[in-house]
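Text of entry-v7.csv (CSV, N, CA and C atoms) as supplied:
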```csv
chain,number,residue,atom,x,y,z
A,1,MET,N,89.4,136.1,54.1
A,1,MET,CA,90.0,136.0,55.4
A,1,MET,C,91.3,135.2,55.3
A,2,TYR,N,91.2,133.9,55.2
A,2,TYR,CA,92.4,133.0,55.0
A,2,TYR,C,92.4,132.4,53.7
A,3,ARG,N,93.5,132.0,53.2
A,3,ARG,CA,93.6,131.4,51.8
A,3,ARG,C,92.9,130.1,51.8
A,4,ASN,N,93.7,129.0,52.0
A,4,ASN,CA,93.0,127.7,52.1
A,4,ASN,C,93.8,126.8,53.0
A,5,MET,N,93.2,125.7,53.3
A,5,MET,CA,93.7,124.8,54.3
A,5,MET,C,94.8,123.9,53.7
A,6,LYS,N,95.0,123.9,52.4
A,6,LYS,CA,95.9,123.0,51.8
A,6,LYS,C,97.4,123.3,52.2
A,7,ASP,N,97.7,124.6,52.4
A,7,ASP,CA,99.0,124.9,52.8
A,7,ASP,C,99.2,125.0,54.3
A,8,GLY,N,98.1,124.9,55.1
A,8,GLY,CA,98.2,124.9,56.5
A,8,GLY,C,98.3,126.3,57.1
A,9,SER,N,98.3,127.3,56.3
A,9,SER,CA,98.5,128.7,56.8
A,9,SER,C,97.4,129.1,57.8
A,10,PHE,N,96.3,128.6,57.6
A,10,PHE,CA,95.2,128.9,58.5
A,10,PHE,C,95.5,128.4,59.9
A,11,PHE,N,95.9,127.2,60.0
A,11,PHE,CA,96.2,126.6,61.3
A,11,PHE,C,97.4,127.3,62.0
A,12,LYS,N,98.4,127.6,61.2
A,12,LYS,CA,99.6,128.3,61.7
A,12,LYS,C,99.2,129.7,62.2
A,13,LYS,N,98.4,130.4,61.5
A,13,LYS,CA,98.0,131.8,61.9
A,13,LYS,C,97.2,131.8,63.2
A,14,ILE,N,96.3,130.9,63.3
A,14,ILE,CA,95.5,130.8,64.5
A,14,ILE,C,96.4,130.4,65.7
A,15,ARG,N,97.2,129.4,65.5
A,15,ARG,CA,98.1,129.0,66.6
A,15,ARG,C,99.0,130.1,67.1
A,16,LYS,N,99.5,130.9,66.1
A,16,LYS,CA,100.4,132.0,66.5
A,16,LYS,C,99.6,133.1,67.2
A,17,GLU,N,98.4,133.4,66.7
A,17,GLU,CA,97.5,134.4,67.4
A,17,GLU,C,97.3,134.0,68.8
A,18,MET,N,97.2,132.7,69.1
A,18,MET,CA,97.0,132.2,70.5
A,18,MET,C,98.3,132.1,71.3
A,19,HIS,N,99.4,132.4,70.6
A,19,HIS,CA,100.7,132.3,71.3
A,19,HIS,C,101.0,130.9,71.8
A,20,TYR,N,100.6,129.9,71.0
A,20,TYR,CA,100.9,128.5,71.3
A,20,TYR,C,102.1,128.0,70.5
A,21,SER,N,102.9,127.2,71.0
A,21,SER,CA,103.9,126.5,70.2
A,21,SER,C,103.2,125.4,69.5
A,22,GLN,N,103.9,124.8,68.5
A,22,GLN,CA,103.4,123.7,67.8
A,22,GLN,C,103.1,122.5,68.8
A,23,GLU,N,104.0,122.4,69.7
A,23,GLU,CA,103.9,121.3,70.7
A,23,GLU,C,102.7,121.5,71.6
A,24,GLU,N,102.4,122.8,72.0
A,24,GLU,CA,101.3,123.1,72.8
A,24,GLU,C,100.0,122.8,72.1
A,25,MET,N,99.9,123.2,70.8
A,25,MET,CA,98.7,123.0,70.1
A,25,MET,C,98.5,121.5,69.8
A,26,ALA,N,99.5,120.8,69.5
A,26,ALA,CA,99.4,119.4,69.3
A,26,ALA,C,98.9,118.7,70.6
A,27,GLY,N,99.4,119.1,71.8
A,27,GLY,CA,99.0,118.6,73.0
A,27,GLY,C,97.5,118.9,73.3
A,28,ARG,N,97.1,120.1,73.0
A,28,ARG,CA,95.7,120.5,73.2
A,28,ARG,C,94.8,119.7,72.2
A,29,MET,N,95.3,119.3,71.1
A,29,MET,CA,94.5,118.5,70.1
A,29,MET,C,94.6,117.0,70.4
A,30,GLY,N,95.6,116.6,71.2
A,30,GLY,CA,95.7,115.2,71.5
A,30,GLY,C,96.4,114.4,70.4
A,31,VAL,N,97.3,115.1,69.7
A,31,VAL,CA,98.1,114.5,68.6
A,31,VAL,C,99.5,114.7,68.8
A,32,THR,N,100.4,114.0,68.1
A,32,THR,CA,101.8,114.3,68.3
A,32,THR,C,102.2,115.6,67.6
A,33,ARG,N,103.4,116.1,68.0
A,33,ARG,CA,103.9,117.3,67.4
A,33,ARG,C,104.1,117.1,65.9
A,34,GLY,N,104.6,116.0,65.6
A,34,GLY,CA,104.9,115.7,64.2
A,34,GLY,C,103.6,115.7,63.4
A,35,THR,N,102.5,115.1,63.9
A,35,THR,CA,101.2,115.1,63.2
A,35,THR,C,100.8,116.5,63.0
A,36,TYR,N,100.9,117.4,64.1
A,36,TYR,CA,100.5,118.8,64.0
A,36,TYR,C,101.3,119.5,63.0
A,37,ILE,N,102.6,119.3,63.0
A,37,ILE,CA,103.5,119.9,62.0
A,37,ILE,C,103.1,119.6,60.6
A,38,ASN,N,102.8,118.3,60.4
A,38,ASN,CA,102.3,117.9,59.0
A,38,ASN,C,101.0,118.6,58.6
A,39,LEU,N,100.1,118.8,59.6
A,39,LEU,CA,98.9,119.5,59.4
A,39,LEU,C,99.1,120.9,59.0
A,40,GLU,N,100.0,121.6,59.8
A,40,GLU,CA,100.3,123.0,59.6
A,40,GLU,C,101.1,123.2,58.3
A,41,SER,N,101.9,122.2,57.9
A,41,SER,CA,102.7,122.4,56.7
A,41,SER,C,101.9,122.0,55.4
A,42,GLY,N,100.7,121.4,55.6
A,42,GLY,CA,100.0,120.9,54.5
A,42,GLY,C,100.3,119.6,54.0
A,43,LYS,N,101.2,118.9,54.7
A,43,LYS,CA,101.6,117.5,54.2
A,43,LYS,C,100.6,116.5,54.5
A,44,THR,N,99.8,116.7,55.5
A,44,THR,CA,98.8,115.7,55.9
A,44,THR,C,97.4,116.1,55.3
A,45,GLN,N,96.7,115.1,54.8
A,45,GLN,CA,95.4,115.3,54.3
A,45,GLN,C,94.5,115.7,55.5
A,46,ILE,N,93.7,116.7,55.4
A,46,ILE,CA,92.9,117.1,56.5
A,46,ILE,C,91.8,116.1,56.7
A,47,VAL,N,91.6,115.6,57.9
A,47,VAL,CA,90.5,114.7,58.2
A,47,VAL,C,89.6,115.4,59.3
A,48,THR,N,88.4,115.0,59.2
A,48,THR,CA,87.4,115.6,60.1
A,48,THR,C,87.8,115.6,61.6
A,49,ASP,N,88.3,114.5,62.0
A,49,ASP,CA,88.7,114.4,63.4
A,49,ASP,C,89.7,115.4,63.8
A,50,SER,N,90.8,115.6,62.9
A,50,SER,CA,91.8,116.6,63.2
A,50,SER,C,91.2,118.0,63.2
A,51,VAL,N,90.4,118.3,62.3
A,51,VAL,CA,89.8,119.6,62.2
A,51,VAL,C,89.0,119.9,63.4
A,52,LEU,N,88.2,118.9,63.8
A,52,LEU,CA,87.3,119.1,65.0
A,52,LEU,C,88.2,119.3,66.3
A,53,LYS,N,89.3,118.5,66.4
A,53,LYS,CA,90.2,118.7,67.5
A,53,LYS,C,90.9,120.1,67.5
A,54,PHE,N,91.2,120.5,66.3
A,54,PHE,CA,91.8,121.9,66.1
A,54,PHE,C,90.8,122.9,66.6
A,55,CYS,N,89.5,122.8,66.2
A,55,CYS,CA,88.5,123.7,66.6
A,55,CYS,C,88.4,123.7,68.1
A,56,GLN,N,88.3,122.6,68.7
A,56,GLN,CA,88.2,122.5,70.2
A,56,GLN,C,89.4,123.1,70.9
A,57,ALA,N,90.6,122.8,70.3
A,57,ALA,CA,91.8,123.3,70.9
A,57,ALA,C,92.0,124.8,70.8
A,58,SER,N,91.6,125.4,69.7
A,58,SER,CA,91.8,126.8,69.4
A,58,SER,C,90.6,127.7,69.7
A,59,GLY,N,89.4,127.1,69.9
A,59,GLY,CA,88.2,127.9,70.1
A,59,GLY,C,87.7,128.5,68.9
A,60,ILE,N,88.2,128.1,67.7
A,60,ILE,CA,87.7,128.5,66.4
A,60,ILE,C,86.5,127.6,66.0
A,61,SER,N,85.5,128.2,65.5
A,61,SER,CA,84.3,127.4,65.1
A,61,SER,C,84.6,126.7,63.8
A,62,LEU,N,83.9,125.6,63.6
A,62,LEU,CA,84.1,124.8,62.4
A,62,LEU,C,83.7,125.6,61.2
A,63,LEU,N,82.7,126.5,61.3
A,63,LEU,CA,82.2,127.3,60.2
A,63,LEU,C,83.4,128.3,59.8
A,64,GLU,N,84.1,128.8,60.7
A,64,GLU,CA,85.2,129.7,60.4
A,64,GLU,C,86.3,128.9,59.6
A,65,VAL,N,86.5,127.7,60.0
A,65,VAL,CA,87.5,126.8,59.3
A,65,VAL,C,87.1,126.6,57.9
A,66,ILE,N,85.8,126.2,57.7
A,66,ILE,CA,85.3,125.9,56.4
A,66,ILE,C,85.3,127.2,55.5
A,67,GLN,N,84.9,128.3,56.1
A,67,GLN,CA,84.9,129.6,55.3
A,67,GLN,C,86.3,129.9,54.9
A,68,ALA,N,87.3,129.7,55.8
A,68,ALA,CA,88.7,130.0,55.4
A,68,ALA,C,89.3,129.1,54.4
A,69,CYS,N,88.9,127.8,54.5
A,69,CYS,CA,89.5,126.8,53.6
A,69,CYS,C,88.8,126.6,52.3
A,70,TYR,N,87.6,126.9,52.2
A,70,TYR,CA,86.8,126.7,51.0
A,70,TYR,C,85.9,128.0,50.7
A,71,PRO,N,86.6,129.1,50.5
A,71,PRO,CA,85.8,130.3,50.3
A,71,PRO,C,84.9,130.3,49.1
A,72,GLU,N,85.3,129.6,48.0
A,72,GLU,CA,84.5,129.6,46.8
A,72,GLU,C,83.2,128.7,47.1
A,73,TYR,N,83.4,127.7,47.9
A,73,TYR,CA,82.2,126.8,48.2
A,73,TYR,C,81.3,127.6,49.1
A,74,CYS,N,81.8,128.3,50.1
A,74,CYS,CA,81.0,129.1,51.0
A,74,CYS,C,80.3,130.2,50.3
A,75,SER,N,81.0,130.8,49.3
A,75,SER,CA,80.3,131.8,48.5
A,75,SER,C,79.1,131.3,47.8
A,76,THR,N,79.3,130.1,47.2
A,76,THR,CA,78.2,129.4,46.5
A,76,THR,C,77.0,129.1,47.5
A,77,LEU,N,77.4,128.6,48.7
A,77,LEU,CA,76.4,128.3,49.7
A,77,LEU,C,75.7,129.6,50.1
A,78,LEU,N,76.4,130.7,50.3
A,78,LEU,CA,75.7,131.9,50.7
A,78,LEU,C,74.8,132.4,49.6
A,79,GLN,N,75.2,132.2,48.3
A,79,GLN,CA,74.3,132.6,47.3
A,79,GLN,C,73.0,131.7,47.3
A,80,GLU,N,73.2,130.4,47.4
A,80,GLU,CA,72.1,129.5,47.5
A,80,GLU,C,71.2,129.8,48.7
A,81,ASP,N,71.8,130.2,49.8
A,81,ASP,CA,71.1,130.5,51.0
A,81,ASP,C,70.2,131.7,50.7
A,82,ALA,N,70.8,132.7,50.1
A,82,ALA,CA,70.1,134.0,49.8
A,82,ALA,C,68.9,133.7,48.9
A,83,GLN,N,69.2,132.8,47.9
A,83,GLN,CA,68.1,132.5,46.9
A,83,GLN,C,67.0,131.7,47.7
A,84,TYR,N,67.4,130.8,48.5
A,84,TYR,CA,66.4,130.0,49.3
A,84,TYR,C,65.6,131.0,50.2
A,85,LYS,N,66.3,131.9,50.9
A,85,LYS,CA,65.6,132.9,51.7
A,85,LYS,C,64.6,133.7,50.9
A,86,GLU,N,65.0,134.1,49.7
A,86,GLU,CA,64.1,134.9,48.9
A,86,GLU,C,62.9,134.1,48.5
A,87,LYS,N,63.1,132.9,48.1
A,87,LYS,CA,61.9,132.0,47.7
A,87,LYS,C,61.0,131.8,48.9
A,88,LEU,N,61.6,131.6,50.1
A,88,LEU,CA,60.9,131.4,51.3
A,88,LEU,C,60.1,132.6,51.6
A,89,ARG,N,60.7,133.8,51.5
A,89,ARG,CA,60.0,135.1,51.7
A,89,ARG,C,58.8,135.2,50.8
A,90,GLN,N,59.0,134.9,49.5
A,90,GLN,CA,57.9,135.0,48.5
A,90,GLN,C,56.8,134.0,48.9
A,91,THR,N,57.2,132.8,49.3
A,91,THR,CA,56.1,131.9,49.7
A,91,THR,C,55.4,132.3,50.9
A,92,VAL,N,56.1,132.9,51.9
A,92,VAL,CA,55.4,133.4,53.1
A,92,VAL,C,54.5,134.6,52.7
A,93,ASP,N,55.0,135.5,51.8
A,93,ASP,CA,54.1,136.6,51.4
A,93,ASP,C,52.9,136.1,50.7
A,94,GLU,N,53.0,135.1,49.8
A,94,GLU,CA,51.9,134.6,49.1
A,94,GLU,C,50.9,133.9,50.1
A,95,TYR,N,51.4,133.2,51.0
A,95,TYR,CA,50.6,132.5,52.0
A,95,TYR,C,49.8,133.6,52.8
A,96,GLU,N,50.5,134.6,53.2
A,96,GLU,CA,49.9,135.7,54.0
A,96,GLU,C,48.8,136.4,53.2
A,97,GLU,N,49.0,136.6,51.9
A,97,GLU,CA,48.0,137.2,51.1
A,97,GLU,C,46.8,136.3,51.0
A,98,ARG,N,47.0,135.0,50.8
A,98,ARG,CA,45.9,134.1,50.7
A,98,ARG,C,45.2,134.0,52.0
A,99,LEU,N,45.9,134.0,53.1
A,99,LEU,CA,45.3,134.0,54.4
A,99,LEU,C,44.5,135.2,54.7
A,100,ALA,N,45.0,136.4,54.3
A,100,ALA,CA,44.2,137.6,54.4
A,100,ALA,C,42.9,137.5,53.6
A,101,ALA,N,43.0,137.0,52.4
A,101,ALA,CA,41.8,136.9,51.5
A,101,ALA,C,40.8,135.9,52.1
A,102,LYS,N,41.3,134.8,52.7
A,102,LYS,CA,40.4,133.8,53.3
A,102,LYS,C,39.8,134.4,54.6
A,103,ASN,N,40.5,135.2,55.3
A,103,ASN,CA,40.0,135.9,56.5
A,103,ASN,C,38.9,136.9,56.1
A,104,GLU,N,39.1,137.6,55.1
A,104,GLU,CA,38.1,138.5,54.6
A,104,GLU,C,36.9,137.8,54.1
A,105,GLU,N,37.1,136.7,53.4
A,105,GLU,CA,36.0,135.9,52.9
A,105,GLU,C,35.2,135.3,54.1
A,106,LEU,N,35.9,134.9,55.2
A,106,LEU,CA,35.3,134.4,56.4
A,106,LEU,C,34.5,135.4,57.1
A,107,LYS,N,35.0,136.6,57.1
A,107,LYS,CA,34.3,137.8,57.8
A,107,LYS,C,33.0,138.1,57.0
A,108,GLN,N,33.1,138.1,55.7
A,108,GLN,CA,31.9,138.3,54.9
A,108,GLN,C,30.9,137.2,55.1
A,109,LYS,N,31.3,136.0,55.2
A,109,LYS,CA,30.4,134.9,55.4
A,109,LYS,C,29.7,135.0,56.8
A,110,GLU,N,30.5,135.4,57.8
A,110,GLU,CA,30.0,135.5,59.2
A,110,GLU,C,29.0,136.6,59.2
A,111,GLU,N,29.2,137.7,58.5
A,111,GLU,CA,28.3,138.8,58.4
A,111,GLU,C,27.0,138.4,57.7
A,112,LEU,N,27.1,137.6,56.6
A,112,LEU,CA,26.0,137.1,55.9
A,112,LEU,C,25.2,136.1,56.8
A,113,TYR,N,25.9,135.3,57.5
A,113,TYR,CA,25.2,134.3,58.4
A,113,TYR,C,24.4,135.1,59.5
A,114,SER,N,25.0,136.2,60.0
A,114,SER,CA,24.4,137.0,61.0
A,114,SER,C,23.1,137.6,60.4
A,115,LEU,N,23.2,138.1,59.2
A,115,LEU,CA,22.1,138.7,58.5
A,115,LEU,C,21.0,137.7,58.3
A,116,LEU,N,21.4,136.5,57.9
A,116,LEU,CA,20.4,135.4,57.6
A,116,LEU,C,19.7,135.0,58.9
A,117,GLN,N,20.5,135.0,60.0
A,117,GLN,CA,19.8,134.7,61.3
A,117,GLN,C,18.8,135.8,61.7
A,118,GLU,N,19.2,137.0,61.5
A,118,GLU,CA,18.2,138.1,61.7
A,118,GLU,C,17.0,138.0,60.8
A,119,THR,N,17.2,137.7,59.6
A,119,THR,CA,16.1,137.5,58.6
A,119,THR,C,15.2,136.4,59.0
A,120,ALA,N,15.8,135.3,59.4
A,120,ALA,CA,15.0,134.1,59.9
A,120,ALA,C,14.2,134.5,61.1
A,121,LYS,N,14.8,135.2,62.0
A,121,LYS,CA,14.1,135.6,63.2
A,121,LYS,C,12.9,136.5,62.9
A,122,THR,N,13.1,137.5,62.0
A,122,THR,CA,12.1,138.4,61.5
A,122,THR,C,11.0,137.6,60.8
A,123,GLN,N,11.3,136.6,60.0
A,123,GLN,CA,10.4,135.8,59.3
A,123,GLN,C,9.5,135.0,60.3
A,124,ARG,N,10.1,134.4,61.3
A,124,ARG,CA,9.4,133.7,62.3
A,124,ARG,C,8.4,134.6,63.0
A,125,LYS,N,8.8,135.9,63.3
A,125,LYS,CA,7.9,136.8,63.9
A,125,LYS,C,6.7,137.1,63.0
A,126,LEU,N,7.0,137.3,61.7
A,126,LEU,CA,6.0,137.6,60.8
A,126,LEU,C,5.0,136.4,60.6
A,127,ILE,N,5.5,135.2,60.6
A,127,ILE,CA,4.7,134.1,60.5
A,127,ILE,C,3.8,134.0,61.7
A,128,GLU,N,4.4,134.2,62.9
A,128,GLU,CA,3.6,134.2,64.1
A,128,GLU,C,2.6,135.3,64.1
A,129,PHE,N,2.9,136.4,63.6
A,129,PHE,CA,2.0,137.5,63.6
A,129,PHE,C,0.8,137.2,62.7
A,130,TYR,N,1.1,136.6,61.5
A,130,TYR,CA,0.0,136.3,60.5
A,130,TYR,C,-0.8,135.1,61.0
A,131,GLU,N,-0.2,134.2,61.7
A,131,GLU,CA,-1.0,133.1,62.1
A,131,GLU,C,-1.8,133.5,63.3
A,132,HIS,N,-1.4,134.4,64.1
A,132,HIS,CA,-2.1,134.9,65.3
A,132,HIS,C,-2.2,136.4,65.3
A,133,PRO,N,-3.0,137.0,64.4
A,133,PRO,CA,-3.0,138.4,64.2
A,133,PRO,C,-3.4,139.2,65.5
A,134,SER,N,-4.1,138.6,66.3
A,134,SER,CA,-4.5,139.3,67.5
A,134,SER,C,-3.5,139.2,68.6
A,135,GLY,N,-2.4,138.5,68.3
A,135,GLY,CA,-1.4,138.3,69.3
A,135,GLY,C,-1.7,137.1,70.3
A,136,LYS,N,-2.9,136.5,70.1
A,136,LYS,CA,-3.2,135.4,70.9
A,136,LYS,C,-2.8,134.1,70.2
A,137,LYS,N,-2.4,133.2,71.0
A,137,LYS,CA,-2.0,131.9,70.4
A,137,LYS,C,-3.2,130.9,70.7
A,138,ASP,N,-3.4,129.9,69.8
A,138,ASP,CA,-4.5,129.0,70.0
A,138,ASP,C,-4.3,128.1,71.1
```
Is it possible to give me this structure as structure tokens?
Amino acid sequence: MYRNMKDGSFFKKIRKEMHYSQEEMAGRMGVTRGTYINLESGKTQIVTDSVLKFCQASGISLLEVIQACYPEYCSTLLQEDAQYKEKLRQTVDEYEERLAAKNEELKQKEELYSLLQETAKTQRKLIEFYEHPSGKKD
């Protein structure tokens, strides 16, 4: 998109796209025209305050400025972000697999518990039947 911030070309390009004079942009930023000229010409070291003021004055996001000024850094960040997202996706997939296995295990245990309850009920009936074969209780 833009080369880098060191020569000020980014600031100049945005200002011209907005049809602002250097004086108008400086006014919108709350700095003197001379300060803005130094920023645009690359004579001034870029400081966060000036960049934030430029973003507010121009409506350009800070992310756009960073991407324009430090494309190699952003490229590295994007690669790291992609790697992080892939690791996160793998972790989520593994978690979902383990969760599905645990849910299946739980379902089997619930079925077993239900069968054990039925077995216990049947055993109580059998014990009752053998203790009182005629169906009468003492």
Exercise. Skip Ser41 in chain A itself and residues of its chain fewer than 2 positions away, then list as a PyMOL selection string all residues within 6 Å of it, counting only C-alpha atoms.
Key: chain A and resi 7-8+37-39+43
Quiz item: If you count only C-alpha atoms, which residues fall within 12 Å of Gly59 in chain A, apart from same-chain ones fewer than 6 positions away, as a ChimeraX atom specification?
Solution: /A:11,14-15,17-18,25,28-29,51-53,65
Practice problem: Work out how far apart CA of Gly34 in chain A and CA of Gln22 in chain A are and give it in Å to one decimal. | Solution: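 These atoms are spaced 8.9 Å apart.
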